[in-house]
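**Student:** PDB, C-alpha atoms, file entry-v4.pdb:
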```pdb
ATOM      1  CA  MET Y 125     -83.121  18.912  17.265  1.00  0.00           C
ATOM      2  CA  LEU Y 126     -85.189  15.878  18.303  1.00  0.00           C
ATOM      3  CA  ASN Y 127     -88.540  16.804  19.787  1.00  0.00           C
ATOM      4  CA  PHE Y 128     -88.599  14.209  22.554  1.00  0.00           C
ATOM      5  CA  SER Y 129     -91.696  14.310  24.713  1.00  0.00           C
ATOM      6  CA  VAL Y 130     -91.348  13.469  28.392  1.00  0.00           C
ATOM      7  CA  VAL Y 131     -93.046  10.123  27.741  1.00  0.00           C
ATOM      8  CA  ASP Y 132     -90.708   9.297  24.846  1.00  0.00           C
ATOM      9  CA  LEU Y 133     -87.624  10.189  26.849  1.00  0.00           C
ATOM     10  CA  ALA Y 134     -88.815   8.236  29.886  1.00  0.00           C
ATOM     11  CA  ALA Y 135     -89.624   5.218  27.705  1.00  0.00           C
ATOM     12  CA  LEU Y 136     -86.165   5.320  26.110  1.00  0.00           C
ATOM     13  CA  VAL Y 137     -84.333   5.621  29.426  1.00  0.00           C
ATOM     14  CA  LEU Y 138     -86.429   2.941  31.122  1.00  0.00           C
ATOM     15  CA  SER Y 139     -86.147   0.481  28.236  1.00  0.00           C
ATOM     16  CA  PHE Y 140     -82.407   0.985  27.851  1.00  0.00           C
ATOM     17  CA  GLY Y 141     -81.992   0.673  31.612  1.00  0.00           C
ATOM     18  CA  LEU Y 142     -83.897  -2.628  31.674  1.00  0.00           C
ATOM     19  CA  TRP Y 143     -81.763  -4.013  28.851  1.00  0.00           C
ATOM     20  CA  GLN Y 144     -78.482  -3.076  30.510  1.00  0.00           C
ATOM     21  CA  THR Y 145     -79.590  -4.118  33.995  1.00  0.00           C
ATOM     22  CA  PHE Y 146     -80.522  -7.562  32.762  1.00  0.00           C
ATOM     23  CA  GLY Y 147     -77.108  -7.928  31.109  1.00  0.00           C
ATOM     24  CA  ILE Y 148     -75.308  -6.876  34.296  1.00  0.00           C
ATOM     25  CA  ILE Y 149     -77.294  -9.341  36.409  1.00  0.00           C
ATOM     26  CA  VAL Y 150     -76.674 -12.258  34.053  1.00  0.00           C
ATOM     27  CA  ASP Y 151     -72.995 -11.512  33.448  1.00  0.00           C
ATOM     28  CA  HIS Y 152     -71.631  -9.840  36.585  1.00  0.00           C
ATOM     29  CA  THR Y 153     -73.618 -10.593  39.761  1.00  0.00           C
ATOM     30  CA  ASP Y 154     -73.934 -13.512  42.167  1.00  0.00           C
ATOM     31  CA  LEU Y 155     -77.313 -14.360  40.641  1.00  0.00           C
ATOM     32  CA  SER Y 156     -75.462 -15.302  37.475  1.00  0.00           C
ATOM     33  CA  LYS Y 157     -74.138 -18.418  39.242  1.00  0.00           C
ATOM     34  CA  ASN Y 158     -77.632 -19.931  39.032  1.00  0.00           C
ATOM     35  CA  SER Y 159     -78.256 -18.975  35.414  1.00  0.00           C
ATOM     36  CA  LEU Y 160     -78.473 -21.035  32.250  1.00  0.00           C
ATOM     37  CA  THR Y 161     -75.276 -19.338  31.086  1.00  0.00           C
ATOM     38  CA  ALA Y 162     -73.403 -20.480  34.204  1.00  0.00           C
ATOM     39  CA  ALA Y 163     -74.602 -24.049  33.666  1.00  0.00           C
ATOM     40  CA  VAL Y 164     -73.319 -24.003  30.086  1.00  0.00           C
ATOM     41  CA  ASN Y 165     -70.013 -22.485  31.207  1.00  0.00           C
ATOM     42  CA  ALA Y 166     -69.500 -25.408  33.600  1.00  0.00           C
ATOM     43  CA  GLU Y 167     -69.918 -27.737  30.632  1.00  0.00           C
ATOM     44  CA  ARG Y 168     -67.370 -25.707  28.660  1.00  0.00           C
ATOM     45  CA  LEU Y 169     -64.782 -26.348  31.371  1.00  0.00           C
ATOM     46  CA  GLU Y 170     -65.602 -30.062  31.376  1.00  0.00           C
ATOM     47  CA  TRP Y 171     -65.313 -30.068  27.572  1.00  0.00           C
ATOM     48  CA  MET Y 172     -61.819 -28.603  27.706  1.00  0.00           C
ATOM     49  CA  ARG Y 173     -60.765 -31.065  30.396  1.00  0.00           C
ATOM     50  CA  ARG Y 174     -61.894 -33.955  28.233  1.00  0.00           C
ATOM     51  CA  LEU Y 175     -60.141 -32.420  25.232  1.00  0.00           C
ATOM     52  CA  THR Y 176     -56.790 -32.695  27.001  1.00  0.00           C
ATOM     53  CA  ASN Y 177     -57.352 -36.426  27.523  1.00  0.00           C
ATOM     54  CA  ARG Y 178     -58.057 -37.139  23.859  1.00  0.00           C
ATOM     55  CA  ASP Y 179     -55.362 -37.830  21.308  1.00  0.00           C
ATOM     56  CA  ASN Y 180     -57.753 -37.291  18.391  1.00  0.00           C
ATOM     57  CA  ARG Y 181     -59.272 -33.811  18.643  1.00  0.00           C
ATOM     58  CA  ILE Y 182     -61.144 -33.636  15.357  1.00  0.00           C
ATOM     59  CA  VAL Y 183     -64.474 -33.618  17.204  1.00  0.00           C
ATOM     60  CA  ASP Y 184     -63.389 -30.630  19.300  1.00  0.00           C
ATOM     61  CA  SER Y 185     -62.261 -28.721  16.214  1.00  0.00           C
ATOM     62  CA  THR Y 186     -65.615 -29.434  14.558  1.00  0.00           C
ATOM     63  CA  LEU Y 187     -67.535 -28.217  17.598  1.00  0.00           C
ATOM     64  CA  ILE Y 188     -65.602 -24.934  17.713  1.00  0.00           C
ATOM     65  CA  ALA Y 189     -66.128 -24.517  13.963  1.00  0.00           C
ATOM     66  CA  ASN Y 190     -69.886 -24.966  14.486  1.00  0.00           C
ATOM     67  CA  LEU Y 191     -69.861 -22.230  17.130  1.00  0.00           C
ATOM     68  CA  MET Y 192     -68.019 -19.916  14.761  1.00  0.00           C
ATOM     69  CA  HIS Y 193     -70.442 -20.728  11.955  1.00  0.00           C
ATOM     70  CA  SER Y 194     -73.427 -19.712  14.091  1.00  0.00           C
ATOM     71  CA  VAL Y 195     -71.804 -16.419  15.067  1.00  0.00           C
ATOM     72  CA  SER Y 196     -70.768 -15.747  11.477  1.00  0.00           C
ATOM     73  CA  PHE Y 197     -74.363 -16.254  10.316  1.00  0.00           C
ATOM     74  CA  PHE Y 198     -75.687 -13.627  12.725  1.00  0.00           C
ATOM     75  CA  ALA Y 199     -72.883 -11.198  11.849  1.00  0.00           C
ATOM     76  CA  SER Y 200     -73.735 -11.512   8.141  1.00  0.00           C
ATOM     77  CA  ALA Y 201     -77.462 -11.180   8.825  1.00  0.00           C
ATOM     78  CA  THR Y 202     -76.823  -8.030  10.857  1.00  0.00           C
ATOM     79  CA  VAL Y 203     -75.044  -6.425   7.906  1.00  0.00           C
ATOM     80  CA  LEU Y 204     -78.111  -7.101   5.746  1.00  0.00           C
ATOM     81  CA  ILE Y 205     -80.421  -5.662   8.406  1.00  0.00           C
ATOM     82  CA  LEU Y 206     -78.257  -2.560   8.676  1.00  0.00           C
ATOM     83  CA  GLY Y 207     -78.541  -2.182   4.912  1.00  0.00           C
ATOM     84  CA  GLY Y 208     -82.318  -2.311   5.242  1.00  0.00           C
ATOM     85  CA  VAL Y 209     -82.330   0.301   8.005  1.00  0.00           C
ATOM     86  CA  ALA Y 210     -80.055   2.535   5.933  1.00  0.00           C
ATOM     87  CA  ALA Y 211     -82.345   2.153   2.924  1.00  0.00           C
ATOM     88  CA  MET Y 212     -85.331   3.067   5.079  1.00  0.00           C
ATOM     89  CA  ALA Y 213     -83.483   6.132   6.360  1.00  0.00           C
ATOM     90  CA  GLY Y 214     -82.735   7.088   2.746  1.00  0.00           C
ATOM     91  CA  THR Y 215     -86.447   7.155   1.994  1.00  0.00           C
ATOM     92  CA  ALA Y 216     -87.437   8.595   5.376  1.00  0.00           C
ATOM     93  CA  ASP Y 217     -90.160  10.811   3.932  1.00  0.00           C
ATOM     94  CA  HIS Y 218     -92.009   7.888   2.383  1.00  0.00           C
ATOM     95  CA  ALA Y 219     -91.490   5.662   5.430  1.00  0.00           C
ATOM     96  CA  TYR Y 220     -92.631   8.440   7.753  1.00  0.00           C
ATOM     97  CA  ASN Y 221     -95.814   9.080   5.792  1.00  0.00           C
ATOM     98  CA  THR Y 222     -96.576   5.366   5.562  1.00  0.00           C
ATOM     99  CA  ILE Y 223     -96.171   4.678   9.283  1.00  0.00           C
ATOM    100  CA  GLN Y 224     -97.975   7.832  10.339  1.00  0.00           C
ATOM    101  CA  GLY Y 225    -100.866   6.754   8.123  1.00  0.00           C
ATOM    102  CA  ILE Y 226    -101.501   3.718  10.320  1.00  0.00           C
ATOM    103  CA  PRO Y 227    -104.539   4.562  12.500  1.00  0.00           C
ATOM    104  CA  PHE Y 228    -103.217   3.430  15.912  1.00  0.00           C
ATOM    105  CA  VAL Y 229     -99.729   4.966  15.552  1.00  0.00           C
ATOM    106  CA  THR Y 230     -99.036   7.946  17.806  1.00  0.00           C
ATOM    107  CA  PRO Y 231     -98.257  11.068  15.716  1.00  0.00           C
ATOM    108  CA  VAL Y 232     -94.639  12.250  16.048  1.00  0.00           C
ATOM    109  CA  SER Y 233     -92.417  14.759  14.318  1.00  0.00           C
ATOM    110  CA  LYS Y 234     -90.312  13.651  11.370  1.00  0.00           C
ATOM    111  CA  ASP Y 235     -87.157  14.431  13.352  1.00  0.00           C
ATOM    112  CA  LEU Y 236     -88.223  12.090  16.146  1.00  0.00           C
ATOM    113  CA  PHE Y 237     -89.098   9.397  13.608  1.00  0.00           C
ATOM    114  CA  GLU Y 238     -85.611   9.684  12.138  1.00  0.00           C
ATOM    115  CA  GLY Y 239     -84.189   9.545  15.673  1.00  0.00           C
ATOM    116  CA  LYS Y 240     -85.963   6.242  16.220  1.00  0.00           C
ATOM    117  CA  LEU Y 241     -84.471   4.911  12.996  1.00  0.00           C
ATOM    118  CA  LEU Y 242     -81.053   6.064  14.173  1.00  0.00           C
ATOM    119  CA  LEU Y 243     -81.491   4.222  17.474  1.00  0.00           C
ATOM    120  CA  LEU Y 244     -82.496   1.075  15.616  1.00  0.00           C
ATOM    121  CA  GLY Y 245     -79.389   1.344  13.460  1.00  0.00           C
ATOM    122  CA  LEU Y 246     -77.150   1.902  16.487  1.00  0.00           C
ATOM    123  CA  VAL Y 247     -78.541  -1.199  18.204  1.00  0.00           C
ATOM    124  CA  PHE Y 248     -77.732  -3.347  15.185  1.00  0.00           C
ATOM    125  CA  ILE Y 249     -74.264  -1.798  14.920  1.00  0.00           C
ATOM    126  CA  TYR Y 250     -73.740  -2.753  18.570  1.00  0.00           C
ATOM    127  CA  SER Y 251     -74.860  -6.311  17.809  1.00  0.00           C
ATOM    128  CA  PHE Y 252     -72.567  -6.500  14.779  1.00  0.00           C
ATOM    129  CA  LEU Y 253     -69.565  -5.421  16.848  1.00  0.00           C
ATOM    130  CA  LYS Y 254     -70.414  -8.013  19.509  1.00  0.00           C
ATOM    131  CA  PHE Y 255     -70.814 -10.782  16.925  1.00  0.00           C
ATOM    132  CA  THR Y 256     -67.520 -10.010  15.196  1.00  0.00           C
ATOM    133  CA  TRP Y 257     -65.700  -9.865  18.551  1.00  0.00           C
ATOM    134  CA  SER Y 258     -67.298 -13.187  19.500  1.00  0.00           C
ATOM    135  CA  LEU Y 259     -66.079 -14.651  16.218  1.00  0.00           C
ATOM    136  CA  ARG Y 260     -62.535 -13.575  16.984  1.00  0.00           C
ATOM    137  CA  GLN Y 261     -62.732 -14.997  20.509  1.00  0.00           C
ATOM    138  CA  PHE Y 262     -63.871 -18.386  19.228  1.00  0.00           C
ATOM    139  CA  ASN Y 263     -61.059 -18.194  16.698  1.00  0.00           C
ATOM    140  CA  TYR Y 264     -58.621 -17.671  19.575  1.00  0.00           C
ATOM    141  CA  CYS Y 265     -60.197 -20.662  21.303  1.00  0.00           C
ATOM    142  CA  SER Y 266     -59.504 -22.810  18.238  1.00  0.00           C
ATOM    143  CA  ILE Y 267     -55.874 -21.697  18.338  1.00  0.00           C
ATOM    144  CA  LEU Y 268     -55.717 -22.661  22.006  1.00  0.00           C
ATOM    145  CA  ALA Y 269     -57.182 -26.063  21.168  1.00  0.00           C
ATOM    146  CA  GLY Y 270     -54.389 -26.542  18.666  1.00  0.00           C
ATOM    147  CA  SER Y 271     -51.818 -25.872  21.381  1.00  0.00           C
ATOM    148  CA  ALA Y 272     -53.468 -28.087  24.009  1.00  0.00           C
ATOM    149  CA  PRO Y 273     -51.223 -30.304  26.119  1.00  0.00           C
ATOM    150  CA  ALA Y 274     -50.900 -33.954  25.159  1.00  0.00           C
ATOM    151  CA  ALA Y 275     -52.882 -36.580  27.042  1.00  0.00           C
ATOM    152  CA  THR Y 276     -49.680 -37.784  28.672  1.00  0.00           C
ATOM    153  CA  ASP Y 277     -48.629 -34.353  29.982  1.00  0.00           C
ATOM    154  CA  PRO Y 278     -48.839 -33.529  33.730  1.00  0.00           C
ATOM    155  CA  GLU Y 279     -52.339 -33.068  35.155  1.00  0.00           C
ATOM    156  CA  GLU Y 280     -51.481 -29.593  36.471  1.00  0.00           C
ATOM    157  CA  GLU Y 281     -50.583 -28.413  32.972  1.00  0.00           C
ATOM    158  CA  LYS Y 282     -53.733 -29.908  31.475  1.00  0.00           C
ATOM    159  CA  GLU Y 283     -55.952 -28.339  34.157  1.00  0.00           C
ATOM    160  CA  ALA Y 284     -54.378 -24.912  33.696  1.00  0.00           C
ATOM    161  CA  PHE Y 285     -54.992 -25.162  29.953  1.00  0.00           C
ATOM    162  CA  ALA Y 286     -58.590 -26.318  30.435  1.00  0.00           C
ATOM    163  CA  VAL Y 287     -59.402 -23.348  32.686  1.00  0.00           C
ATOM    164  CA  ARG Y 288     -57.809 -20.879  30.261  1.00  0.00           C
ATOM    165  CA  ALA Y 289     -59.434 -22.319  27.126  1.00  0.00           C
ATOM    166  CA  ALA Y 290     -62.834 -22.603  28.797  1.00  0.00           C
ATOM    167  CA  ARG Y 291     -62.585 -18.957  29.843  1.00  0.00           C
ATOM    168  CA  VAL Y 292     -61.870 -17.788  26.284  1.00  0.00           C
ATOM    169  CA  ASN Y 293     -64.742 -19.950  25.029  1.00  0.00           C
ATOM    170  CA  GLU Y 294     -66.992 -18.466  27.714  1.00  0.00           C
ATOM    171  CA  LEU Y 295     -66.066 -14.910  26.751  1.00  0.00           C
ATOM    172  CA  GLY Y 296     -66.856 -15.658  23.120  1.00  0.00           C
ATOM    173  CA  ALA Y 297     -70.261 -16.959  24.149  1.00  0.00           C
ATOM    174  CA  ARG Y 298     -70.861 -13.897  26.329  1.00  0.00           C
ATOM    175  CA  SER Y 299     -70.188 -11.555  23.405  1.00  0.00           C
ATOM    176  CA  PHE Y 300     -72.514 -13.649  21.244  1.00  0.00           C
ATOM    177  CA  ASN Y 301     -75.268 -13.493  23.882  1.00  0.00           C
ATOM    178  CA  GLN Y 302     -74.843  -9.726  24.176  1.00  0.00           C
ATOM    179  CA  GLY Y 303     -75.264  -9.431  20.419  1.00  0.00           C
ATOM    180  CA  LEU Y 304     -78.433 -11.522  20.573  1.00  0.00           C
ATOM    181  CA  ARG Y 305     -79.787  -9.320  23.357  1.00  0.00           C
ATOM    182  CA  GLY Y 306     -79.282  -6.406  20.989  1.00  0.00           C
ATOM    183  CA  TYR Y 307     -81.597  -8.175  18.541  1.00  0.00           C
ATOM    184  CA  TYR Y 308     -84.231  -8.604  21.247  1.00  0.00           C
ATOM    185  CA  PHE Y 309     -83.965  -4.937  22.202  1.00  0.00           C
ATOM    186  CA  ALA Y 310     -84.219  -3.952  18.528  1.00  0.00           C
ATOM    187  CA  LEU Y 311     -87.492  -5.883  18.289  1.00  0.00           C
ATOM    188  CA  ALA Y 312     -88.760  -3.992  21.328  1.00  0.00           C
ATOM    189  CA  THR Y 313     -87.613  -0.722  19.740  1.00  0.00           C
ATOM    190  CA  LEU Y 314     -89.924  -1.375  16.800  1.00  0.00           C
ATOM    191  CA  ALA Y 315     -92.835  -0.935  19.203  1.00  0.00           C
ATOM    192  CA  TRP Y 316     -91.650   2.625  19.815  1.00  0.00           C
ATOM    193  CA  PHE Y 317     -92.872   3.508  16.318  1.00  0.00           C
ATOM    194  CA  LEU Y 318     -96.372   2.723  17.589  1.00  0.00           C
ATOM    195  CA  HIS Y 319     -96.270   4.359  21.021  1.00  0.00           C
ATOM    196  CA  PRO Y 320     -93.646   4.982  23.724  1.00  0.00           C
ATOM    197  CA  LEU Y 321     -95.631   2.937  26.235  1.00  0.00           C
ATOM    198  CA  ALA Y 322     -95.697   0.065  23.750  1.00  0.00           C
ATOM    199  CA  PHE Y 323     -91.886   0.365  23.676  1.00  0.00           C
ATOM    200  CA  VAL Y 324     -91.718  -0.047  27.451  1.00  0.00           C
ATOM    201  CA  ALA Y 325     -94.210  -2.909  27.434  1.00  0.00           C
ATOM    202  CA  ALA Y 326     -92.284  -4.716  24.692  1.00  0.00           C
ATOM    203  CA  THR Y 327     -89.005  -4.276  26.567  1.00  0.00           C
ATOM    204  CA  VAL Y 328     -90.532  -5.611  29.788  1.00  0.00           C
ATOM    205  CA  ALA Y 329     -91.919  -8.601  27.865  1.00  0.00           C
ATOM    206  CA  VAL Y 330     -88.519  -9.300  26.274  1.00  0.00           C
ATOM    207  CA  VAL Y 331     -86.700  -9.063  29.611  1.00  0.00           C
ATOM    208  CA  ALA Y 332     -89.309 -11.332  31.232  1.00  0.00           C
ATOM    209  CA  ILE Y 333     -88.819 -13.941  28.497  1.00  0.00           C
ATOM    210  CA  LEU Y 334     -85.038 -13.788  28.756  1.00  0.00           C
ATOM    211  CA  TRP Y 335     -85.216 -13.927  32.566  1.00  0.00           C
ATOM    212  CA  ARG Y 336     -87.354 -17.043  32.463  1.00  0.00           C
ATOM    213  CA  ARG Y 337     -84.976 -18.718  30.027  1.00  0.00           C
ATOM    214  CA  GLU Y 338     -81.927 -17.871  32.115  1.00  0.00           C
ATOM    215  CA  PHE Y 339     -83.273 -18.772  35.564  1.00  0.00           C
ATOM    216  CA  HIS Y 340     -86.449 -20.851  35.281  1.00  0.00           C
ATOM    217  CA  SER Y 341     -86.357 -22.796  32.010  1.00  0.00           C
ATOM    218  CA  ARG Y 342     -86.411 -26.575  31.698  1.00  0.00           C
ATOM    219  CA  THR Y 343     -83.210 -26.318  29.670  1.00  0.00           C
ATOM    220  CA  ARG Y 344     -81.442 -24.719  32.637  1.00  0.00           C
ATOM    221  CA  ARG Y 345     -82.710 -27.421  34.979  1.00  0.00           C
ATOM    222  CA  ALA Y 346     -81.585 -30.130  32.588  1.00  0.00           C
ATOM    223  CA  LEU Y 347     -78.098 -28.666  32.268  1.00  0.00           C
ATOM    224  CA  ARG Y 348     -77.812 -28.302  36.024  1.00  0.00           C
ATOM    225  CA  ARG Y 349     -79.165 -31.851  36.437  1.00  0.00           C
ATOM    226  CA  GLU Y 350     -82.023 -30.678  38.606  1.00  0.00           C
ATOM    227  CA  ALA Y 351     -85.385 -32.367  38.962  1.00  0.00           C
ATOM    228  CA  ARG Y 352     -88.020 -31.217  36.498  1.00  0.00           C
TER     229      ARG Y 352
END
```
Would it be possible to restate this file's structure as structure tokens?
**Tutor:**
Amino acid sequence: MLNFSVVDLAALVLSFGLWQTFGIIVDHTDLSKNSLTAAVNAERLEWMRRLTNRDNRIVDSTLIANLMHSVSFFASATVLILGGVAAMAGTADHAYNTIQGIPFVTPVSKDLFEGKLLLLGLVFIYSFLKFTWSLRQFNYCSILAGSAPAATDPEEEKEAFAVRAARVNELGARSFNQGLRGYYFALATLAWFLHPLAFVAATVAVVAILWRREFHSRTRRALRREAR
């Protein structure tokens, strides 16, 4: 039985709520139309439109392969991280004594410490599942690219393909972004080993950084062709 204090439980609920709320806003609300992600998605559609007008599509295949390579790297790294978390859980007594020996760490029960390790492992499992699903979606996009209409085919057919392929590409990117957000939340979770309020503060800081990048970054303005 985990001995959650009221502060620990409140910190967990609040931090998890902030993480999920940010994801919902970026992926499923009207605000998402002004985000960095939306700007990139518009470029994905333009990419697929241009693909249908090219006879030589080697460049497009290379670009999709680069996307898959990036996702594959994070999926492999997540497996290694999970191995490290599992190893730490296997030597929980030593890890617990070491962390509790740090002067500014809030004392907790060993059961709660192991619960925090479990949460950390679950977050990375979530990220791994998102990365592998993203990899499959980009793989499907490459298959779609192979079946793209010829440059001489009717415009209606090419436009329908472009919308469909861009959507699959977008979904692959969304899964990848969700996996990355898991990494950010895992970093915030590390602060929970120090103090539950540090966990909340770290989560707020992470969400603030991600919010700025999505809605107020220079990269977003450049992609949307707005004035600096």
**Student:** At a cut-off of 12 Å, using all atoms listed in the file, what residues contact Y:Val209? Leave out same-chain residues fewer than 6 positions from it and give the result as a PyMOL selection string.
**Tutor:** chain Y and resi 202-203+215-216+219+238+240-249+310+314
**Student:** Report as a PyMOL selection string all protein, DNA and RNA residues lying within 8 Å of Y:Pro273, evaluated on all atoms listed in the file, omitting residues in the same chain fewer than 3 positions from it.
**Tutor:** chain Y and resi 176+277+281-282+285
**Student:** Using all atoms listed in the file, determine which residues lie at most 12 Å from Y:Val183, disregarding the query and same-chain residues fewer than 5 positions distant; provide the list as an MDAnalysis selection string.
**Tutor:** chainID Y and resid 171:172 174:175 178 188:190 266 269
**Student:** Nearest to Y:Phe255 among Y:Ala297, Y:Val287, Y:Ala199, Y:Ala274, with distances taken over all atoms listed in the file: which residue is it?
**Tutor:**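 Checking each of Y:Ala297, Y:Val287, Y:Ala199, Y:Ala274 against Y:Phe255, counting all atoms listed in the file, the winner is Y:Ala199.
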**Student:** For the file shown, report as a list in words the outcome of the PyMOL selection byres ((chain Y and resi 135-141) around 9) at residue level.
**Tutor:**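 Going through the file, the PyMOL selection byres ((chain Y and resi 135-141) around 9) ends up selecting Val130, Val131, Asp132, Leu133, Ala134, Leu142, Trp143, Gln144, Thr145, Phe146, Phe309, Ala312, Thr313, Trp316, Pro320, Leu321, Ala322, Phe323, Val324, Ala325, Ala326, Thr327 and Val328 of chain Y.
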**Student:** Name the closest residue to Y:Gly147 among the candidates Y:Arg298, Y:His218, Y:Arg348, Y:Arg337; distances are taken between atoms, counting all atoms listed in the file.
**Tutor:**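 Answer, going by the shortest atom-to-atom distance: Y:Arg298.
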**Student:** Which residue out of Y:Leu347, Y:Ile333, Y:Val232, Y:Ile226 has the minimum interatomic distance to Y:Asn158 when all atoms listed in the file are used?
**Tutor:**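 Checking each of Y:Leu347, Y:Ile333, Y:Val232, Y:Ile226 against Y:Asn158, counting all atoms listed in the file, the winner is Y:Leu347.
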**Student:** Given the choices Y:His340, Y:Gln302, Y:Tyr220, Y:Ala290, which gets closest to Y:Glu170 if the distance is worked out from all atoms listed in the file?
**Tutor:**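 Among the listed residues, the smallest separation from Y:Glu170 belongs to Y:Ala290.
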**Student:** With the file shown as input, list the residues that the PyMOL selection byres ((chain Y and resi 345) around 12) selects, as a ChimeraX atom specification.
**Tutor:** /Y:158-164,336-344,346-352
**Student:** Mind giving me the straight-line distance from atom CA of Y:Asp179 to atom CA of Y:Ala166 in Å, one decimal?
**Tutor:**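 Atom CA of Y:Asp179 sits 22.5 Å away from atom CA of Y:Ala166.
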**Student:** List, as a PyMOL selection string, every residue that the PyMOL selection byres ((chain Y and resi 293) around 8) selects in the file provided.
**Tutor:** chain Y and resi 168+261-262+265+289-292+294-297
**Student:** Enter the distance from atom CA of Y:Thr153 to atom CA of Y:Ser258, in Å, rounded to one decimal.
**Tutor:**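 Computing the Euclidean distance for atom CA of Y:Thr153 and atom CA of Y:Ser258 yields 21.4 Å.
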**Student:** Just how far from atom CA of Y:Leu169 is atom CA of Y:Ala286, in Å to one decimal?
**Tutor:**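 One can read the atom CA of Y:Ala286 to atom CA of Y:Leu169 distance as 6.3 Å.
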**Student:** Can you pull out the residues contacting Y:Asn221? Cut-off 12 Å, using only C-alpha atoms, and skip same-chain residues under 6 positions away; I want them as a list in words.
**Tutor:**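 Returned residues: Thr215, Pro227, Val229, Pro231, Val232, Ser233, Lys234 and Phe237 of chain Y.
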**Student:** Looking at Y:Tyr250, Y:Phe228, Y:Phe300, Y:Tyr307, which one is nearest to Y:His193, with distances taken over all atoms listed in the file?
**Tutor:**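 Smallest distance to Y:His193 is found for Y:Phe300.
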**Student:** Using only C-alpha atoms, pick whichever of Y:Ile148, Y:Leu236, Y:Leu259, Y:Ala213 has the shortest atom-to-atom distance to Y:Ser200.
**Tutor:**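 Counting only C-alpha atoms, the residue closest to Y:Ser200 is Y:Leu259.
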